[in-house]
Each structure stands twice: as structure tokens, then as C-alpha cells.
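Asker: work-v7.pdb is reproduced below (PDB, C-alpha atoms).
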```pdb
MODEL        1
ATOM      1  CA  MET A   1      78.751  72.592  97.799
ATOM      2  CA  ALA A   2      82.343  73.368  96.812
ATOM      3  CA  TRP A   3      81.960  76.929  98.176
ATOM      4  CA  LYS A   4      80.501  75.645 101.462
ATOM      5  CA  SER A   5      83.353  73.141 101.751
ATOM      6  CA  HIS A   6      85.870  75.937 101.175
ATOM      7  CA  LEU A   7      84.264  78.048 103.927
ATOM      8  CA  LEU A   8      84.266  75.113 106.336
ATOM      9  CA  ARG A   9      87.940  74.335 105.677
ATOM     10  CA  SER A  10      88.877  78.016 106.026
ATOM     11  CA  VAL A  11      87.151  78.323 109.414
ATOM     12  CA  ASN A  12      88.765  75.080 110.606
ATOM     13  CA  GLN A  13      92.228  76.185 109.484
ATOM     14  CA  ASP A  14      91.804  79.616 111.067
ATOM     15  CA  ASP A  15      90.894  77.931 114.345
ATOM     16  CA  ALA A  16      94.161  75.948 114.125
ATOM     17  CA  ARG A  17      96.056  79.237 113.539
ATOM     18  CA  VAL A  18      94.459  80.793 116.645
ATOM     19  CA  GLN A  19      95.368  77.731 118.721
ATOM     20  CA  LEU A  20      98.979  77.988 117.539
ATOM     21  CA  LEU A  21      99.110  81.694 118.425
ATOM     22  CA  ASP A  22      97.919  80.797 121.943
ATOM     23  CA  ALA A  23     100.511  77.992 122.175
ATOM     24  CA  ILE A  24     103.659  79.885 121.095
ATOM     25  CA  ASP A  25     106.028  81.256 123.727
ATOM     26  CA  GLU A  26     109.478  82.881 123.887
ATOM     27  CA  LEU A  27     111.121  79.715 122.508
ATOM     28  CA  SER A  28     108.707  79.078 119.607
ATOM     29  CA  ILE A  29     107.520  80.968 116.554
ATOM     30  CA  LEU A  30     104.716  80.797 113.965
ATOM     31  CA  ILE A  31     105.792  81.469 110.371
ATOM     32  CA  VAL A  32     103.344  82.362 107.590
ATOM     33  CA  GLN A  33     104.764  82.158 104.046
ATOM     34  CA  ALA A  34     103.341  83.145 100.666
ATOM     35  CA  TRP A  35     104.444  84.360  97.248
ATOM     36  CA  ALA A  36     103.247  87.907  96.668
ATOM     37  CA  MET A  37     101.780  88.964  93.331
ATOM     38  CA  LYS A  38     104.662  89.750  90.960
ATOM     39  CA  TYR A  39     105.452  93.445  91.058
ATOM     40  CA  PRO A  40     105.069  95.142  87.645
ATOM     41  CA  PRO A  41     108.081  97.392  86.882
ATOM     42  CA  ARG A  42     107.187 101.076  86.737
ATOM     43  CA  LYS A  43     108.818 104.167  85.345
ATOM     44  CA  TYR A  44     108.102 107.580  86.762
ATOM     45  CA  ARG A  45     105.492 109.142  84.434
ATOM     46  CA  GLU A  46     105.747 106.323  81.937
ATOM     47  CA  SER A  47     103.992 106.455  78.585
ATOM     48  CA  GLN A  48     101.222 104.053  77.639
ATOM     49  CA  THR A  49     103.567 102.117  75.346
ATOM     50  CA  ASP A  50     105.907 101.519  78.319
ATOM     51  CA  TRP A  51     103.065  99.874  80.252
ATOM     52  CA  PHE A  52     102.506  96.876  77.958
ATOM     53  CA  GLY A  53     104.590  93.691  77.725
ATOM     54  CA  LYS A  54     106.149  93.829  81.188
ATOM     55  CA  ARG A  55     107.551  90.912  83.150
ATOM     56  CA  GLY A  56     106.835  91.170  86.857
ATOM     57  CA  ILE A  57     109.477  91.021  89.598
ATOM     58  CA  PRO A  58     108.918  87.903  91.786
ATOM     59  CA  TRP A  59     109.013  88.371  95.552
ATOM     60  CA  HIS A  60     108.221  86.192  98.553
ATOM     61  CA  LEU A  61     106.894  87.302 101.943
ATOM     62  CA  THR A  62     107.377  85.659 105.327
ATOM     63  CA  VAL A  63     105.769  86.847 108.565
ATOM     64  CA  ALA A  64     107.103  85.333 111.805
ATOM     65  CA  THR A  65     105.020  85.807 114.962
ATOM     66  CA  ARG A  66     106.473  85.278 118.415
ATOM     67  CA  ARG A  67     105.465  86.038 121.986
ATOM     68  CA  GLU A  68     107.611  88.115 124.333
ATOM     69  CA  GLY A  69     106.381  89.048 127.776
ATOM     70  CA  GLY A  70     102.807  88.182 126.862
ATOM     71  CA  GLU A  71     102.838  90.441 123.793
ATOM     72  CA  LEU A  72     102.782  89.161 120.209
ATOM     73  CA  GLN A  73     105.541  90.534 117.972
ATOM     74  CA  MET A  74     105.966  90.154 114.224
ATOM     75  CA  LEU A  75     109.163  89.922 112.192
ATOM     76  CA  LYS A  76     108.790  90.248 108.422
ATOM     77  CA  PHE A  77     111.036  89.136 105.575
ATOM     78  CA  ALA A  78     110.756  90.123 101.917
ATOM     79  CA  HIS A  79     112.864  88.128  99.435
ATOM     80  CA  ILE A  80     113.147  89.790  96.029
ATOM     81  CA  PHE A  81     114.369  87.663  93.117
ATOM     82  CA  LYS A  82     116.112  88.768  89.932
ATOM     83  CA  SER A  83     114.600  85.757  88.177
ATOM     84  CA  CYS A  84     112.967  82.783  89.786
ATOM     85  CA  SER A  85     110.685  79.847  89.172
ATOM     86  CA  GLN A  86     108.233  79.810  92.044
ATOM     87  CA  ASP A  87     108.819  76.138  92.703
ATOM     88  CA  SER A  88     109.880  73.663  95.377
ATOM     89  CA  CYS A  89     113.551  74.665  94.939
ATOM     90  CA  ALA A  90     112.980  78.349  95.751
ATOM     91  CA  VAL A  91     110.796  77.754  98.840
ATOM     92  CA  PRO A  92     113.371  75.710 100.851
ATOM     93  CA  ALA A  93     116.024  78.335  99.995
ATOM     94  CA  VAL A  94     113.793  81.082 101.411
ATOM     95  CA  THR A  95     112.946  78.895 104.406
ATOM     96  CA  ALA A  96     116.632  78.281 105.139
ATOM     97  CA  ASP A  97     117.450  81.995 104.988
ATOM     98  CA  VAL A  98     114.530  82.909 107.268
ATOM     99  CA  ILE A  99     115.460  80.298 109.882
ATOM    100  CA  ARG A 100     119.107  81.470 109.837
ATOM    101  CA  GLN A 101     118.057  85.101 110.299
ATOM    102  CA  LEU A 102     115.653  84.135 113.092
ATOM    103  CA  LYS A 103     118.370  82.131 114.887
ATOM    104  CA  ILE A 104     120.631  85.210 114.798
ATOM    105  CA  ALA A 105     117.862  87.479 116.120
ATOM    106  CA  LEU A 106     116.494  84.868 118.589
ATOM    107  CA  PRO A 107     119.319  82.539 119.705
ATOM    108  CA  GLY A 108     116.992  80.673 122.087
ATOM    109  CA  LEU A 109     114.541  79.655 119.346
ATOM    110  CA  LYS A 110     113.642  75.959 119.672
ATOM    111  CA  THR A 111     110.330  75.294 117.876
ATOM    112  CA  VAL A 112     108.907  76.497 114.557
ATOM    113  CA  TYR A 113     105.339  76.148 113.294
ATOM    114  CA  TYR A 114     104.561  76.832 109.628
ATOM    115  CA  LEU A 115     101.374  78.028 107.954
ATOM    116  CA  GLN A 116     101.868  78.067 104.199
ATOM    117  CA  ASP A 117      99.844  78.658 101.084
ATOM    118  CA  ASN A 118      98.396  75.525  99.459
ATOM    119  CA  ALA A 119     100.336  76.035  96.214
ATOM    120  CA  GLY A 120     102.275  73.091  94.816
ATOM    121  CA  CYS A 121     105.658  74.628  95.701
ATOM    122  CA  TYR A 122     104.752  74.369  99.435
ATOM    123  CA  HIS A 123     102.518  71.317  99.408
ATOM    124  CA  CYS A 124     105.030  68.795  98.056
ATOM    125  CA  GLY A 125     107.492  66.167  99.221
ATOM    126  CA  THR A 126     110.575  68.297  98.499
ATOM    127  CA  THR A 127     109.448  71.092 100.817
ATOM    128  CA  LEU A 128     108.439  68.671 103.583
ATOM    129  CA  VAL A 129     111.743  66.777 103.524
ATOM    130  CA  CYS A 130     113.833  69.951 103.246
ATOM    131  CA  ALA A 131     111.972  71.578 106.152
ATOM    132  CA  ALA A 132     112.933  68.737 108.482
ATOM    133  CA  ALA A 133     116.549  68.759 107.273
ATOM    134  CA  LEU A 134     116.843  72.543 107.646
ATOM    135  CA  GLY A 135     115.419  72.350 111.153
ATOM    136  CA  ASN A 136     118.021  69.756 112.173
ATOM    137  CA  GLU A 137     120.809  71.787 110.571
ATOM    138  CA  GLU A 138     119.853  74.989 112.403
ATOM    139  CA  GLY A 139     119.013  73.326 115.717
ATOM    140  CA  VAL A 140     115.263  73.965 115.711
ATOM    141  CA  LYS A 141     112.324  71.571 115.674
ATOM    142  CA  ILE A 142     109.841  72.024 112.824
ATOM    143  CA  ARG A 143     106.777  70.933 114.771
ATOM    144  CA  ARG A 144     103.985  71.516 112.217
ATOM    145  CA  LEU A 145     103.479  72.365 108.550
ATOM    146  CA  ASP A 146      99.922  73.519 107.875
ATOM    147  CA  PHE A 147      98.539  74.527 104.476
ATOM    148  CA  SER A 148      95.831  77.131 104.092
ATOM    149  CA  ASP A 149      92.900  76.804 101.745
ATOM    150  CA  PRO A 150      93.016  79.017  98.615
ATOM    151  CA  GLN A 151      92.412  82.673  99.556
ATOM    152  CA  GLY A 152      92.565  81.832 103.251
ATOM    153  CA  GLY A 153      95.211  81.880 105.954
ATOM    154  CA  ARG A 154      97.776  84.144 104.289
ATOM    155  CA  ALA A 155      96.229  87.395 105.521
ATOM    156  CA  ALA A 156      99.366  88.368 107.481
ATOM    157  CA  CYS A 157     101.445  88.297 104.270
ATOM    158  CA  ASP A 158      98.787  90.181 102.277
ATOM    159  CA  ARG A 159      98.563  92.911 104.936
ATOM    160  CA  LYS A 160     102.324  93.370 104.953
ATOM    161  CA  ALA A 161     102.462  93.366 101.139
ATOM    162  CA  ALA A 162      99.953  96.240 101.101
ATOM    163  CA  THR A 163     102.084  98.241 103.558
ATOM    164  CA  ILE A 164     105.248  97.614 101.537
ATOM    165  CA  LYS A 165     103.551  98.586  98.260
ATOM    166  CA  SER A 166     102.334 101.811  99.868
ATOM    167  CA  ASN A 167     105.900 102.736 100.813
ATOM    168  CA  MET A 168     107.013 101.884  97.272
ATOM    169  CA  ARG A 169     104.333 104.215  95.854
ATOM    170  CA  PHE A 170     105.753 107.110  97.904
ATOM    171  CA  TYR A 171     109.191 106.352  96.436
ATOM    172  CA  HIS A 172     107.785 106.110  92.899
ATOM    173  CA  ASN A 173     105.758 109.332  93.238
ATOM    174  CA  ALA A 174     108.907 111.136  94.397
ATOM    175  CA  GLY A 175     110.243 110.747  90.838
ATOM    176  CA  ASN A 176     111.988 107.360  90.972
ATOM    177  CA  ASN A 177     111.782 104.344  88.682
ATOM    178  CA  ILE A 178     111.130 100.821  90.026
ATOM    179  CA  GLU A 179     112.188  98.606  87.134
ATOM    180  CA  THR A 180     114.760  96.237  88.652
ATOM    181  CA  PRO A 181     114.977  94.136  91.831
ATOM    182  CA  GLU A 182     117.674  96.523  93.126
ATOM    183  CA  GLN A 183     115.374  99.528  92.638
ATOM    184  CA  MET A 184     112.552  97.583  94.282
ATOM    185  CA  ARG A 185     114.745  96.942  97.330
ATOM    186  CA  ASP A 186     115.691 100.634  97.457
ATOM    187  CA  ALA A 187     111.999 101.567  97.253
ATOM    188  CA  ILE A 188     111.102  99.312 100.199
ATOM    189  CA  LEU A 189     113.973 100.737 102.270
ATOM    190  CA  SER A 190     113.224 104.358 101.275
ATOM    191  CA  PHE A 191     111.992 106.942 103.797
ATOM    192  CA  GLY A 192     113.355 104.865 106.677
ATOM    193  CA  GLY A 193     111.864 101.611 105.345
ATOM    194  CA  VAL A 194     108.815  99.706 106.514
ATOM    195  CA  PRO A 195     109.143  99.026 110.264
ATOM    196  CA  GLY A 196     110.136  95.446 111.070
ATOM    197  CA  VAL A 197     110.728  94.384 107.443
ATOM    198  CA  ASN A 198     114.012  92.725 106.458
ATOM    199  CA  VAL A 199     114.669  92.887 102.712
ATOM    200  CA  VAL A 200     116.859  90.285 100.975
ATOM    201  CA  LEU A 201     117.901  90.597  97.328
ATOM    202  CA  CYS A 202     118.279  87.072  95.932
TER
ENDMDL
END
```
Can you dump the structure from the file as C-alpha cells?

Answerer:
Amino acid sequence: MAWKSHLLRSVNQDDARVQLLDAIDELSILIVQAWAMKYPPRKYRESQTDWFGKRGIPWHLTVATRREGGELQMLKFAHIFKSCSQDSCAVPAVTADVIRQLKIALPGLKTVYYLQDNAGCYHCGTTLVCAAALGNEEGVKIRRLDFSDPQGGRAACDRKAATIKSNMRFYHNAGNNIETPEQMRDAILSFGGVPGVNVVLC
């Protein structure tokens, strides 16, 4: 019964996402946010002893979808942290940075819709209150905050994470280490970078 309930919620939430994609225009945007799996530091040709006991590098992905001339366009943001608790303090900071960058890129932006993971750092009072305050500060209206069911709704972030990791593998296989957030940023931006991805070192 729990599995059937999960499937029903996932289908219902995906239908809401499709309706939002149909509703957005040049003045509105749909933002999908999720924490990516922590990236394990890697040395080029590391020994087996180097593999154990690692602490992953936390990073957060945001995919913003907008419509221009009838076509859907995506803007992506990767925030890499030196150290971070993935909590309700980090999420509003990422949200504020994304909205500021979007207002620079799209000065006419008026309305923002959010689809976020159902983790506690998104689904809490702090995030809800801060979202409204950040919207007022930047001159945009946060119209909706939706939360996806576990393992559902964050596909846009997972797809972009896979593309970014692929580019990082090319960098690593070229003889480079990826052990620090700075090296991780350099790996994402290597070989011309991943198209449409803005990388922020936090």
C-alpha cells in the first residue's frame, strides 16, 4: 500500500510539474532544486589505501526552466561547498544566489515557481519564510513551492548531475586530481565546461 501511495503521489506531482511548464512564459520561471550525492575526492591513479576514509564534497544543483519564443530553455547552477551542513540555512543562501543571478540574466523576471526535494532542509518553516522574503527583496513573486515525493520530481537535477560528472571524469582521466572544491570547480569548467552550467564556489 505504501508503494502504491508513493506511485500515486509521484504521478500527481508530475502532472503539476507539466501544468507549470505549460503555464510559464517569458516573465516566469520554474526552478527545480536538489542536493546532489556528495562527490568523493579522487586522485589520478590512486592506490587502494587512498580510497578508504574519504569525506565527500557537498554540492547543490538548481535547474531553472523558462520559455522564450515558445521554446523551453534551461539554466543550470552548481554550488560547490568547502564544508556545509545540508540544512535550512544553506538552502535559502543558495536560493538567494540563484534568484540574484537570474535577475541579472533575466531583468524582466516577475514570477518564480519552485519544485524541491522533500528533504527536511526544503520542507520546513525557515525555507518557506525565507523564500517569501527573498522574493520581496529581489522584486519577484514566489508563486508556488512544491515538494516532490522521494525519488520523484528531481529528474532534471539528476540528469544534469550525470552530465557534469561525465565532464569531470574526462578531466580526471587526463591526469588530474579532484580532491578539493576548487579542483572540482576546475573539473566542471574544463574542456570548455558543461553548456549552460554556472558554477559557484561557496

Asker: Which polymer residues have any atom within 9 Å of an atom of range 42-44 of chain A, counting all atoms listed in the file, with same-chain residues fewer than 3 positions away left out, as an MDAnalysis selection string?

Answerer: chainID A and resid 39 47 50:51 172:179

Asker: A:Arg9, A:Arg154, A:Lys38, A:Arg159: which is nearest Pro181 in chain A, counting all atoms listed in the file?

Answerer: A:Lys38

Asker: Using the chain letters and numbers from the file, give me the residues hit by the PyMOL selection byres ((chain A and resi 101) around 12), as a list of chain:residue names.

Answerer: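 Written out, the selection comes to A:Thr62, A:Ala64, A:Leu75, A:Lys76, A:Phe77, A:Val94, A:Thr95, A:Ala96, A:Asp97, A:Val98, A:Ile99, A:Arg100, A:Leu102, A:Lys103, A:Ile104, A:Ala105, A:Leu106, A:Pro107, A:Leu109, A:Glu138, A:Asn198, A:Val199, A:Val200.
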
Asker: Measuring between all atoms listed in the file, which one of A:Leu61, A:Val129, A:Val32, A:Val91 shows the shortest distance to Phe147 in chain A?

Answerer: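 Smallest distance to Phe147 in chain A is found for A:Val32.
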
Asker: Which residues match the PyMOL selection byres ((chain A and resi 114) around 10) in the file above, as an mmCIF file with C-alpha atoms, in the coordinates of the input?

Answerer:
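What ended up in expr23.cif:
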```cif
data_model
loop_
_atom_site.group_PDB
_atom_site.id
_atom_site.type_symbol
_atom_site.label_atom_id
_atom_site.label_comp_id
_atom_site.auth_asym_id
_atom_site.auth_seq_id
_atom_site.Cartn_x
_atom_site.Cartn_y
_atom_site.Cartn_z
ATOM 1 C CA ARG A 17 96.056 79.237 113.539
ATOM 2 C CA LEU A 20 98.979 77.988 117.539
ATOM 3 C CA ILE A 29 107.520 80.968 116.554
ATOM 4 C CA LEU A 30 104.716 80.797 113.965
ATOM 5 C CA ILE A 31 105.792 81.469 110.371
ATOM 6 C CA VAL A 32 103.344 82.362 107.590
ATOM 7 C CA GLN A 33 104.764 82.158 104.046
ATOM 8 C CA ALA A 64 107.103 85.333 111.805
ATOM 9 C CA VAL A 112 108.907 76.497 114.557
ATOM 10 C CA TYR A 113 105.339 76.148 113.294
ATOM 11 C CA LEU A 115 101.374 78.028 107.954
ATOM 12 C CA GLN A 116 101.868 78.067 104.199
ATOM 13 C CA ASP A 117 99.844 78.658 101.084
ATOM 14 C CA ALA A 131 111.972 71.578 106.152
ATOM 15 C CA ILE A 142 109.841 72.024 112.824
ATOM 16 C CA ARG A 143 106.777 70.933 114.771
ATOM 17 C CA ARG A 144 103.985 71.516 112.217
ATOM 18 C CA LEU A 145 103.479 72.365 108.550
ATOM 19 C CA ASP A 146 99.922 73.519 107.875
ATOM 20 C CA PHE A 147 98.539 74.527 104.476
#
```

Asker: Do you have the CA of Ser88 in chain A-CA of Thr127 in chain A distance handy?

Answerer: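 Interatomic distance, CA of Ser88 in chain A to CA of Thr127 in chain A: 6.0 Å.
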